[in-house]
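Q: Below is final.csv; it holds CSV, C-alpha atoms.
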chain,number,residue,atom,x,y,z
A,1,MET,CA,58.9,-26.1,-50.8
A,2,PRO,CA,61.5,-25.3,-48.1
A,3,ILE,CA,60.4,-23.4,-45.0
A,4,PRO,CA,61.3,-19.7,-45.2
A,5,SER,CA,63.9,-18.4,-42.8
A,6,LEU,CA,62.8,-17.1,-39.4
A,7,LYS,CA,62.9,-13.5,-40.4
A,8,GLN,CA,61.0,-14.2,-43.6
A,9,GLN,CA,58.3,-16.1,-41.7
A,10,PHE,CA,57.9,-13.0,-39.5
A,11,ALA,CA,57.7,-10.8,-42.6
A,12,GLU,CA,55.1,-13.0,-44.4
A,13,LEU,CA,52.8,-13.3,-41.4
A,14,ILE,CA,53.0,-9.6,-40.6
A,15,ALA,CA,52.2,-8.8,-44.3
A,16,LEU,CA,49.0,-10.7,-44.1
A,17,PRO,CA,46.5,-8.4,-42.3
A,18,SER,CA,44.3,-10.1,-39.8
A,19,VAL,CA,42.7,-7.4,-37.8
A,20,SER,CA,40.0,-8.4,-35.4
A,21,CYS,CA,37.6,-5.7,-34.4
A,22,THR,CA,34.1,-5.2,-33.1
A,23,GLN,CA,33.5,-2.6,-35.8
A,24,PRO,CA,32.7,-4.5,-39.0
A,25,ALA,CA,34.3,-1.9,-41.2
A,26,LEU,CA,37.7,-2.7,-39.6
A,27,ASP,CA,37.3,-6.4,-39.1
A,28,LEU,CA,39.3,-8.7,-41.5
A,29,PRO,CA,39.5,-12.4,-42.2
A,30,ASN,CA,42.4,-14.4,-40.7
A,31,ARG,CA,42.1,-17.4,-42.9
A,32,PRO,CA,44.9,-16.5,-45.4
A,33,LEU,CA,47.3,-16.3,-42.5
A,34,ILE,CA,46.1,-19.6,-41.0
A,35,GLU,CA,46.5,-21.2,-44.4
A,36,ARG,CA,50.1,-19.9,-44.7
A,37,LEU,CA,51.0,-21.1,-41.3
A,38,ALA,CA,49.4,-24.5,-42.0
A,39,SER,CA,51.4,-24.8,-45.3
A,40,TRP,CA,54.7,-24.5,-43.4
A,41,LEU,CA,53.7,-26.9,-40.6
A,42,ASP,CA,52.4,-29.4,-43.2
A,43,THR,CA,55.8,-29.3,-44.8
A,44,LEU,CA,57.4,-30.2,-41.5
A,45,GLY,CA,55.1,-33.2,-41.1
A,46,PHE,CA,52.5,-31.8,-38.8
A,47,ALA,CA,48.9,-33.0,-39.3
A,48,CYS,CA,47.0,-29.7,-39.8
A,49,GLU,CA,43.3,-29.2,-39.1
A,50,ILE,CA,41.7,-25.9,-40.0
A,51,GLN,CA,38.6,-25.2,-38.0
A,52,ASP,CA,36.2,-22.7,-39.5
A,53,ILE,CA,34.6,-20.5,-36.8
A,54,ALA,CA,32.9,-17.8,-38.9
A,55,PRO,CA,33.1,-16.6,-42.5
A,56,GLY,CA,36.7,-15.8,-43.1
A,57,LYS,CA,37.6,-16.8,-39.5
A,58,ALA,CA,39.4,-20.0,-38.6
A,59,ASN,CA,41.5,-21.7,-36.0
A,60,LEU,CA,44.5,-24.0,-36.8
A,61,LEU,CA,45.3,-27.0,-34.8
A,62,ALA,CA,48.5,-28.7,-36.0
A,63,SER,CA,49.8,-31.8,-34.3
A,64,TYR,CA,53.1,-33.8,-34.4
A,65,GLY,CA,53.0,-37.2,-32.8
A,66,SER,CA,49.9,-38.8,-31.2
A,67,GLY,CA,48.5,-40.1,-28.0
A,68,PRO,CA,47.4,-38.6,-24.8
A,69,GLY,CA,49.2,-35.8,-23.0
A,70,GLY,CA,51.8,-33.7,-24.7
A,71,LEU,CA,52.3,-29.9,-25.0
A,72,VAL,CA,50.1,-27.2,-26.6
A,73,LEU,CA,51.9,-24.1,-27.8
A,74,ALA,CA,49.2,-21.6,-28.4
A,75,GLY,CA,48.6,-18.0,-29.6
A,76,HIS,CA,46.1,-15.9,-31.5
A,77,SER,CA,46.6,-15.0,-35.2
A,78,ASP,CA,44.8,-11.7,-35.1
A,79,THR,CA,45.8,-8.2,-34.3
A,80,VAL,CA,44.1,-5.0,-33.1
A,81,PRO,CA,43.3,-2.3,-35.6
A,82,PHE,CA,46.0,0.2,-36.5
A,83,ASP,CA,46.5,3.8,-37.7
A,84,PRO,CA,49.3,3.8,-40.3
A,85,ALA,CA,49.8,7.6,-39.9
A,86,LEU,CA,51.1,7.0,-36.3
A,87,TRP,CA,53.7,4.5,-37.4
A,88,GLN,CA,57.2,5.4,-38.4
A,89,SER,CA,57.0,2.8,-41.2
A,90,ASP,CA,54.5,0.5,-42.8
A,91,PRO,CA,52.8,-1.6,-40.0
A,92,LEU,CA,52.5,-4.5,-42.4
A,93,ALA,CA,56.2,-4.6,-43.4
A,94,LEU,CA,58.8,-6.0,-41.1
A,95,ARG,CA,61.5,-3.4,-40.3
A,96,GLU,CA,64.7,-4.0,-38.4
A,97,ALA,CA,66.3,-1.1,-36.5
A,98,ASP,CA,67.8,-0.5,-33.0
A,99,ASP,CA,68.2,-4.3,-32.5
A,100,ARG,CA,64.5,-4.8,-32.8
A,101,TRP,CA,62.0,-6.0,-35.4
A,102,TYR,CA,59.0,-3.7,-35.9
A,103,GLY,CA,55.6,-4.6,-37.3
A,104,LEU,CA,52.0,-5.1,-36.4
A,105,GLY,CA,51.8,-8.4,-34.5
A,106,VAL,CA,55.5,-9.0,-34.1
A,107,CYS,CA,55.0,-8.8,-30.3
A,108,ASP,CA,51.3,-9.5,-29.9
A,109,MET,CA,51.5,-12.1,-31.1
A,110,LYS,CA,52.0,-13.5,-34.7
A,111,GLY,CA,55.7,-13.6,-34.0
A,112,PHE,CA,55.3,-16.5,-31.6
A,113,PHE,CA,54.6,-19.0,-34.4
A,114,PRO,CA,57.9,-18.6,-36.3
A,115,LEU,CA,59.7,-19.0,-33.0
A,116,ILE,CA,57.9,-22.3,-32.4
A,117,ILE,CA,58.9,-23.5,-35.8
A,118,GLU,CA,62.5,-22.4,-35.2
A,119,ALA,CA,62.5,-24.3,-31.9
A,120,VAL,CA,60.9,-27.5,-33.2
A,121,GLN,CA,62.7,-28.1,-36.5
A,122,PRO,CA,65.9,-29.6,-35.1
A,123,LEU,CA,63.9,-31.9,-32.9
A,124,LEU,CA,61.8,-33.6,-35.6
A,125,ASP,CA,64.2,-36.4,-36.3
A,126,ARG,CA,63.7,-37.6,-32.7
A,127,PRO,CA,60.8,-39.8,-31.5
A,128,PHE,CA,58.0,-37.9,-30.0
A,129,ARG,CA,56.6,-39.9,-27.1
A,130,GLN,CA,53.8,-37.5,-26.6
A,131,PRO,CA,52.4,-35.1,-29.1
A,132,LEU,CA,53.2,-31.4,-29.8
A,133,LEU,CA,50.2,-29.3,-30.7
A,134,ILE,CA,50.4,-25.9,-32.2
A,135,LEU,CA,47.2,-23.8,-31.8
A,136,ALA,CA,46.5,-20.6,-33.7
A,137,THR,CA,43.1,-19.0,-32.9
A,138,CYS,CA,41.0,-16.2,-34.4
A,139,ASP,CA,39.4,-13.1,-32.9
A,140,GLU,CA,41.2,-13.0,-29.5
A,141,GLU,CA,41.4,-9.3,-29.7
A,142,SER,CA,37.6,-8.9,-30.0
A,143,SER,CA,35.3,-11.7,-29.0
A,144,MET,CA,37.7,-14.6,-28.3
A,145,SER,CA,35.3,-16.7,-30.5
A,146,GLY,CA,38.1,-19.1,-31.6
A,147,ALA,CA,39.1,-20.1,-28.1
A,148,ARG,CA,35.5,-20.1,-26.9
A,149,ALA,CA,34.6,-22.5,-29.8
A,150,LEU,CA,37.4,-24.9,-28.7
A,151,ALA,CA,36.2,-24.8,-25.1
A,152,GLU,CA,32.6,-25.4,-26.0
A,153,ALA,CA,33.5,-28.3,-28.3
A,154,GLY,CA,35.2,-29.9,-25.2
A,155,ARG,CA,37.9,-31.7,-27.2
A,156,PRO,CA,40.9,-32.5,-24.9
A,157,LEU,CA,44.2,-31.0,-26.1
A,158,GLY,CA,47.4,-31.7,-24.2
A,159,ARG,CA,48.7,-32.1,-20.7
A,160,ALA,CA,50.1,-28.6,-20.6
A,161,ALA,CA,49.6,-25.4,-22.6
A,162,VAL,CA,51.8,-22.3,-23.0
A,163,ILE,CA,50.3,-19.2,-24.5
A,164,GLY,CA,52.9,-16.9,-26.0
A,165,GLU,CA,51.4,-13.6,-25.2
A,166,PRO,CA,53.9,-10.8,-24.4
A,167,THR,CA,55.1,-11.3,-20.8
A,168,GLY,CA,58.8,-10.4,-21.2
A,169,LEU,CA,59.6,-14.2,-20.8
A,170,LYS,CA,58.1,-14.1,-17.3
A,171,PRO,CA,55.7,-17.0,-16.5
A,172,ILE,CA,52.2,-15.8,-15.7
A,173,ARG,CA,49.9,-18.0,-13.7
A,174,LEU,CA,47.1,-15.6,-12.9
A,175,HIS,CA,45.1,-12.9,-14.5
A,176,LYS,CA,41.9,-11.0,-13.8
A,177,GLY,CA,38.7,-11.6,-15.8
A,178,VAL,CA,37.3,-9.1,-18.3
A,179,MET,CA,33.6,-8.3,-18.2
A,180,MET,CA,32.1,-5.5,-20.3
A,181,GLU,CA,28.5,-4.9,-19.4
A,182,ARG,CA,25.6,-2.6,-20.5
A,183,ILE,CA,22.6,-1.2,-18.7
A,184,ASP,CA,19.7,0.2,-20.8
A,185,ILE,CA,16.9,2.1,-19.0
A,186,LEU,CA,13.7,3.0,-20.8
A,187,GLY,CA,11.6,5.6,-18.9
A,188,GLN,CA,9.0,8.0,-20.2
A,189,SER,CA,9.8,11.4,-21.7
A,190,GLY,CA,7.7,14.5,-20.9
A,191,HIS,CA,7.8,18.2,-20.4
A,192,SER,CA,10.4,19.2,-17.8
A,193,SER,CA,8.1,21.7,-16.2
A,194,ASP,CA,6.1,18.9,-14.6
A,195,PRO,CA,7.9,15.8,-13.3
A,196,THR,CA,4.7,13.8,-13.1
A,197,LEU,CA,4.5,13.8,-16.9
A,198,GLY,CA,7.3,11.4,-17.3
A,199,ARG,CA,9.7,8.9,-15.6
A,200,SER,CA,13.3,10.0,-15.9
A,201,ALA,CA,15.6,7.3,-17.2
A,202,LEU,CA,18.6,9.5,-16.2
A,203,GLU,CA,17.5,9.7,-12.6
A,204,ALA,CA,17.0,6.0,-12.6
A,205,MET,CA,20.4,5.5,-14.0
A,206,HIS,CA,21.8,7.8,-11.3
A,207,ALA,CA,20.3,5.4,-8.7
A,208,ALA,CA,21.6,2.3,-10.7
A,209,ILE,CA,25.1,3.8,-10.6
A,210,GLY,CA,24.9,4.3,-6.9
A,211,GLU,CA,24.1,0.5,-6.6
A,212,LEU,CA,27.0,-0.4,-8.8
A,213,LEU,CA,29.4,1.7,-6.8
A,214,ALA,CA,28.1,0.2,-3.5
A,215,LEU,CA,28.7,-3.3,-5.0
A,216,ARG,CA,32.2,-2.3,-6.0
A,217,GLY,CA,33.0,-1.2,-2.5
A,218,GLN,CA,31.6,-4.4,-1.1
A,219,TRP,CA,33.6,-6.6,-3.5
A,220,GLN,CA,36.8,-4.6,-2.9
A,221,GLN,CA,36.3,-5.2,0.8
A,222,GLU,CA,35.6,-8.9,0.3
A,223,PHE,CA,38.2,-9.8,-2.4
A,224,ASN,CA,41.9,-9.0,-2.4
A,225,ASN,CA,44.9,-10.7,-4.0
A,226,PRO,CA,48.3,-9.1,-3.3
A,227,LEU,CA,49.9,-10.8,-6.3
A,228,PHE,CA,48.2,-8.2,-8.5
A,229,ASN,CA,49.5,-4.6,-8.8
A,230,VAL,CA,45.9,-3.6,-8.3
A,231,PRO,CA,44.9,-6.2,-5.7
A,232,GLN,CA,41.2,-5.6,-5.7
A,233,PRO,CA,38.6,-6.2,-8.4
A,234,THR,CA,37.8,-3.0,-10.4
A,235,LEU,CA,34.6,-1.6,-11.8
A,236,ASN,CA,35.0,1.3,-14.3
A,237,LEU,CA,32.0,3.4,-15.5
A,238,GLY,CA,33.1,3.8,-19.1
A,239,CYS,CA,30.5,5.7,-21.0
A,240,ILE,CA,26.9,7.0,-20.6
A,241,HIS,CA,24.4,8.3,-23.1
A,242,GLY,CA,20.9,9.6,-22.4
A,243,GLY,CA,18.3,12.2,-23.2
A,244,ASP,CA,18.3,14.8,-25.9
A,245,ASN,CA,17.3,18.2,-24.5
A,246,PRO,CA,17.4,20.1,-21.2
A,247,ASN,CA,13.6,20.8,-21.3
A,248,ARG,CA,12.6,17.1,-21.8
A,249,ILE,CA,12.4,14.4,-19.1
A,250,CYS,CA,15.0,11.9,-20.2
A,251,GLY,CA,13.2,8.9,-21.7
A,252,GLN,CA,16.2,6.6,-22.4
A,253,CYS,CA,19.7,6.2,-20.9
A,254,ALA,CA,22.5,3.6,-21.4
A,255,LEU,CA,25.6,2.9,-19.4
A,256,GLU,CA,28.5,0.7,-20.3
A,257,PHE,CA,31.0,-0.4,-17.7
A,258,ASP,CA,34.0,-2.7,-17.3
A,259,LEU,CA,34.4,-5.1,-14.4
A,260,ARG,CA,37.7,-7.0,-13.7
A,261,PRO,CA,37.1,-9.8,-11.3
A,262,LEU,CA,39.9,-11.6,-9.4
A,263,PRO,CA,40.4,-15.4,-9.7
A,264,GLY,CA,37.9,-17.0,-7.4
A,265,MET,CA,35.1,-14.5,-8.3
A,266,ASP,CA,32.4,-16.1,-10.5
A,267,PRO,CA,31.2,-13.7,-13.3
A,268,GLU,CA,27.7,-15.2,-13.2
A,269,GLN,CA,27.4,-14.6,-9.5
A,270,LEU,CA,28.5,-11.0,-10.0
A,271,ARG,CA,25.9,-10.5,-12.7
A,272,ALA,CA,23.2,-12.0,-10.4
A,273,ALA,CA,24.2,-9.6,-7.7
A,274,ILE,CA,23.8,-6.7,-10.1
A,275,ARG,CA,20.5,-7.9,-11.3
A,276,SER,CA,19.2,-8.2,-7.7
A,277,LYS,CA,19.9,-4.5,-7.2
A,278,LEU,CA,18.4,-3.4,-10.6
A,279,GLN,CA,15.1,-5.2,-10.4
A,280,PRO,CA,13.6,-3.5,-7.4
A,281,LEU,CA,15.0,-0.2,-8.6
A,282,ALA,CA,13.1,-0.6,-11.9
A,283,GLU,CA,9.8,-1.3,-10.0
A,284,GLN,CA,10.4,1.6,-7.7
A,285,ARG,CA,11.1,4.1,-10.5
A,286,GLY,CA,8.5,2.7,-12.9
A,287,VAL,CA,11.1,2.1,-15.7
A,288,ARG,CA,12.3,-0.8,-17.7
A,289,ILE,CA,15.9,-1.9,-17.1
A,290,ASP,CA,17.7,-4.3,-19.5
A,291,TYR,CA,21.1,-5.5,-18.3
A,292,GLY,CA,23.6,-7.9,-19.9
A,293,PRO,CA,27.1,-8.4,-21.2
A,294,ILE,CA,28.3,-6.6,-24.3
A,295,PHE,CA,30.3,-9.8,-25.1
A,296,PRO,CA,30.6,-13.1,-23.3
A,297,GLY,CA,33.6,-11.9,-21.3
A,298,VAL,CA,36.8,-13.6,-20.2
A,299,PRO,CA,36.8,-15.5,-17.0
A,300,PRO,CA,39.5,-14.9,-14.4
A,301,PHE,CA,42.4,-17.4,-14.6
A,302,GLU,CA,44.6,-19.0,-12.0
A,303,GLN,CA,47.0,-22.0,-12.4
A,304,ALA,CA,48.1,-23.5,-9.1
A,305,ALA,CA,51.5,-22.4,-7.9
A,306,ASP,CA,52.6,-26.0,-7.2
A,307,SER,CA,51.5,-27.4,-10.6
A,308,GLU,CA,54.1,-29.2,-12.8
A,309,LEU,CA,54.0,-26.6,-15.5
A,310,VAL,CA,54.4,-23.6,-13.2
A,311,ARG,CA,57.3,-25.2,-11.4
A,312,LEU,CA,59.0,-26.2,-14.7
A,313,ALA,CA,58.5,-22.7,-16.2
A,314,GLU,CA,60.0,-21.1,-13.1
A,315,ARG,CA,63.0,-23.4,-13.2
A,316,LEU,CA,63.6,-22.9,-16.9
A,317,THR,CA,63.2,-19.1,-16.8
A,318,GLY,CA,64.7,-18.5,-13.3
A,319,ARG,CA,61.7,-16.3,-12.5
A,320,ALA,CA,58.8,-16.7,-10.1
A,321,ALA,CA,55.4,-16.9,-11.7
A,322,GLU,CA,53.4,-13.6,-11.6
A,323,ALA,CA,50.0,-12.1,-12.2
A,324,VAL,CA,48.9,-9.6,-14.9
A,325,ALA,CA,45.9,-7.4,-15.3
A,326,PHE,CA,45.2,-8.2,-19.0
A,327,GLY,CA,43.0,-11.1,-20.1
A,328,THR,CA,44.1,-14.1,-22.3
A,329,GLU,CA,42.7,-17.3,-23.7
A,330,ALA,CA,44.2,-19.2,-20.8
A,331,PRO,CA,40.9,-20.0,-19.0
A,332,TYR,CA,39.5,-21.6,-22.1
A,333,LEU,CA,42.5,-24.0,-22.5
A,334,GLN,CA,42.5,-24.7,-18.8
A,335,ARG,CA,38.8,-25.8,-19.2
A,336,LEU,CA,40.0,-28.4,-21.7
A,337,GLY,CA,42.2,-30.1,-19.1
A,338,CYS,CA,45.5,-28.3,-19.8
A,339,GLU,CA,47.7,-27.0,-17.1
A,340,THR,CA,48.2,-23.5,-18.5
A,341,ILE,CA,50.6,-20.6,-18.3
A,342,VAL,CA,51.1,-17.4,-20.3
A,343,LEU,CA,54.8,-16.9,-21.3
A,344,GLY,CA,56.1,-15.1,-24.4
A,345,PRO,CA,59.0,-12.9,-25.5
A,346,GLY,CA,57.2,-9.6,-26.2
A,347,ASP,CA,56.6,-6.6,-23.9
A,348,ILE,CA,53.0,-5.8,-23.1
A,349,ALA,CA,54.0,-2.1,-22.9
A,350,CYS,CA,54.4,-1.9,-26.7
A,351,ALA,CA,51.4,-4.1,-27.6
A,352,HIS,CA,48.4,-2.3,-29.2
A,353,GLN,CA,50.8,0.6,-29.8
A,354,PRO,CA,52.2,2.2,-33.0
A,355,ASP,CA,55.7,0.9,-33.8
A,356,GLU,CA,55.1,-2.4,-32.0
A,357,TYR,CA,58.4,-4.3,-31.7
A,358,LEU,CA,60.2,-7.4,-30.5
A,359,ASP,CA,63.7,-7.1,-29.1
A,360,LEU,CA,66.1,-9.4,-31.1
A,361,ALA,CA,67.8,-10.3,-27.9
A,362,ARG,CA,64.6,-12.2,-26.8
A,363,ILE,CA,64.7,-14.5,-29.8
A,364,ALA,CA,67.4,-17.0,-28.9
A,365,PRO,CA,66.2,-17.4,-25.2
A,366,THR,CA,62.7,-17.9,-26.4
A,367,VAL,CA,63.7,-20.6,-28.9
A,368,GLU,CA,65.8,-22.4,-26.3
A,369,LEU,CA,63.0,-22.2,-23.7
A,370,LEU,CA,60.5,-23.7,-26.2
A,371,ARG,CA,62.9,-26.5,-27.0
A,372,GLN,CA,63.2,-27.3,-23.3
A,373,LEU,CA,59.5,-27.3,-22.9
A,374,ILE,CA,59.0,-29.6,-26.0
A,375,GLY,CA,61.8,-31.8,-24.7
A,376,HIS,CA,60.1,-32.2,-21.3
A,377,TYR,CA,56.5,-32.8,-22.5
A,378,CYS,CA,57.0,-34.5,-25.8
A,379,LEU,CA,60.5,-36.2,-26.1
A,380,ASP,CA,61.3,-37.2,-22.5
A,381,ALA,CA,57.6,-37.3,-21.5
A,382,GLN,CA,58.4,-36.8,-17.9
A,383,THR,CA,55.5,-36.7,-15.5
A,384,THR,CA,57.0,-34.3,-12.9
A,385,ALA,CA,59.0,-31.2,-13.1
Rewrite the structure from the file as structure tokens, please.
A:
Amino acid sequence: MPIPSLKQQFAELIALPSVSCTQPALDLPNRPLIERLASWLDTLGFACEIQDIAPGKANLLASYGSGPGGLVLAGHSDTVPFDPALWQSDPLALREADDRWYGLGVCDMKGFFPLIIEAVQPLLDRPFRQPLLILATCDEESSMSGARALAEAGRPLGRAAVIGEPTGLKPIRLHKGVMMERIDILGQSGHSSDPTLGRSALEAMHAAIGELLALRGQWQQEFNNPLFNVPQPTLNLGCIHGGDNPNRICGQCALEFDLRPLPGMDPEQLRAAIRSKLQPLAEQRGVRIDYGPIFPGVPPFEQAADSELVRLAERLTGRAAEAVAFGTEAPYLQRLGCETIVLGPGDIACAHQPDEYLDLARIAPTVELLRQLIGHYCLDAQTTA
């Protein structure tokens, strides 16, 4: 069966819903999309391995050529949830207008896979001295379970990895980490007329928040990276829930917060610092404090400025490598020995938004860039940029 046209590939992948969400009612399997993508790559001669991660959830690792080294072109196969009422057209149907393609995932980032296929097809009659690997992961938009499973397995991939997240074709070599944490305090409820009848979880949380803000100030004094638009680490107090009535001492209180560490900041050391402040507070207030991550978190990421891949990407794009605030799967691929950058055709400003789009003017430059990367790492097998 022939490979569909580029536009038809976009349309077919977008038509296969693969929402990844922490709310089970909205979460969907991605395996049908993985199987569709694998069928196309199998037709082209790739060896396709589907790795089951959870029921209905899978990664695809497709390889062409063999041996050590080579290039990994990577992306996630899932999307965020969507509200059809906010879209001008069906989110799961590709629409062309205003020199753009519109559809859920066209930018972030199902559309990267058809562009890889478009780039590689004319090269397949040439000998691949080092392999090309195409990686499609699951659940990047929620738990990053697909990338984390790869990293935990420890199987080496390639010499270099390019993740096609939306960067406007600018190479990205740094991003902050993403930590979403929760503090639960259990006190003792009682009648509000006599404070000795209870132990207020809300007042204990007030003290805990004071400790968090003090740590935030300390970290922002200690860590600074001018490559980021916000050069300090951030800590946002996102939501708080506690108590049930004004005339009862609050017996339970929960806080959820978001911490974005810079490269060079170890998430486990940050958590240890927070625990060291909470433990004496619990003893002083006579409450129980449970603290931990809501999900495992994304480590901060940095690829050295003088690495082969960064220098090559800067030369091919004509742009200096930059930093972004959003998290990606880059640290997990880097853990497997790949020099890694983030570089894709979409715009992050329209990702996770109604009427997500990809400018058609980005297609040809992306395909040419991917061909040059494949040529460098797989066909010519150079060792320096």
Q: Up to 9 Å from (14.1, 3.2, -26.2) in the file's coordinates: name the residues, counting all atoms listed in the file, as JSON, numbers by chain.
A: {"A": [184, 185, 186, 187, 251, 252, 253]}
Q: Using C-alpha atoms, can you write the selected residues to a file as a PDB file, in the coordinates of the input?
A:
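Now in part26.pdb:
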ATOM      1  CA  ASP A 184      19.700   0.200 -20.800  1.00  0.00           C
ATOM      2  CA  ILE A 185      16.900   2.100 -19.000  1.00  0.00           C
ATOM      3  CA  LEU A 186      13.700   3.000 -20.800  1.00  0.00           C
ATOM      4  CA  GLY A 187      11.600   5.600 -18.900  1.00  0.00           C
ATOM      5  CA  GLY A 251      13.200   8.900 -21.700  1.00  0.00           C
ATOM      6  CA  GLN A 252      16.200   6.600 -22.400  1.00  0.00           C
ATOM      7  CA  CYS A 253      19.700   6.200 -20.900  1.00  0.00           C
TER       8      CYS A 253
END
Q: Can you work out which one of A:Leu370, A:Glu356, A:Arg126, A:Arg319 has the shortest atom-to-atom distance to Trp87 in chain A, counting all atoms listed in the file?
A: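 Closest to Trp87 in chain A, using all atoms listed in the file: A:Glu356.
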Q: With a distance cut-off of 9 Å and all atoms listed in the file, select the neighbouring residues of Asp380 in chain A, excluding the residue or stretch itself and same-chain residues fewer than 6 positions from it, and output the selection as a PyMOL selection string.
A: chain A and resi 128-130+374
Q: Which residues are near range 343-348 of chain A? Cut-off 9 Å, only C-alpha atoms, ignore same chain within fewer than 2 positions. Put them as a ChimeraX atom specification.
A: /A:106-109,111-112,162-172,313,341,350-352,357-359,362-363,365-366
Q: Do you know which residues are at most 9 Å from range 283-297 of chain A counting all atoms listed in the file, after dropping those on the same chain fewer than 3 positions away, and could you put them as a PyMOL selection string?
A: chain A and resi 142-144+177-188+199-201+203-204+256+267+271+274-275+278-280
Q: Which residue, A:Asp27, A:Asp194, A:Glu322, A:Asp52, has the smallest gap to Ala305 in chain A when you use all atoms listed in the file?
A: A:Glu322
Q: Find the residues near Phe223 in chain A: any atom within 9 Å, counting all atoms listed in the file, skip ones fewer than 6 places away on the same chain, and give them as a ChimeraX atom specification.
A: /A:231-233,261-262,264-265
Q: Taking into account only C-alpha atoms, which residue in the set A:Ser189, A:Leu373, A:Pro299, A:Ala320 is nearest to Asp266 in chain A?
A: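 Closest to Asp266 in chain A of all the choices is A:Pro299.
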Q: Write out as a list in words each polymer residue whose atoms come within 10 Å of Glu96 in chain A, counting all atoms listed in the file; drop sequence neighbours fewer than 3 positions from it.
A: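 Here the qualifying residues turn out to be Lys7, Ala93, Asp99, Arg100, Trp101, Tyr102, Gly103, Tyr357, Leu358, Asp359 and Leu360 of chain A.
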Q: Measuring atom to atom with all atoms listed in the file, identify which of A:Pro354, A:Ala25, A:Leu61, A:Leu13 is nearest to Ala85 in chain A.
A: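 Result for the nearest residue to Ala85 in chain A: A:Pro354.
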Q: Nearest residue to Ala323 in chain A out of A:Arg173, A:Ala15, A:Pro68, A:Thr43, using only C-alpha atoms?
A: A:Arg173
Q: Quick check, in Å to one decimal: how far apart do CA of Gln269 in chain A and CA of Leu212 in chain A lie?
A: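 It comes out at 14.2 Å.
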Q: What is the distance between CA of Leu135 in chain A and CA of Leu60 in chain A, in Å to one decimal?
A: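 Atom-to-atom, CA of Leu135 in chain A and CA of Leu60 in chain A are spaced 5.7 Å apart.
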Q: With all atoms listed in the file as the atoms that count, which of A:Leu150, A:Tyr64, A:Lys110, A:Gln9 lies nearest to Pro127 in chain A?
A: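 The shortest atom-to-atom distance to Pro127 in chain A comes from A:Tyr64.
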Q: At most 10 Å from (44.8, -21.1, -29.2), file frame, all atoms listed in the file: which residues, as JSON, numbers by chain?
A: {"A": [59, 60, 61, 72, 73, 74, 75, 76, 77, 133, 134, 135, 136, 137, 138, 140, 144, 146, 147, 148, 150, 161, 162, 163, 164, 328, 329, 330, 332, 333]}
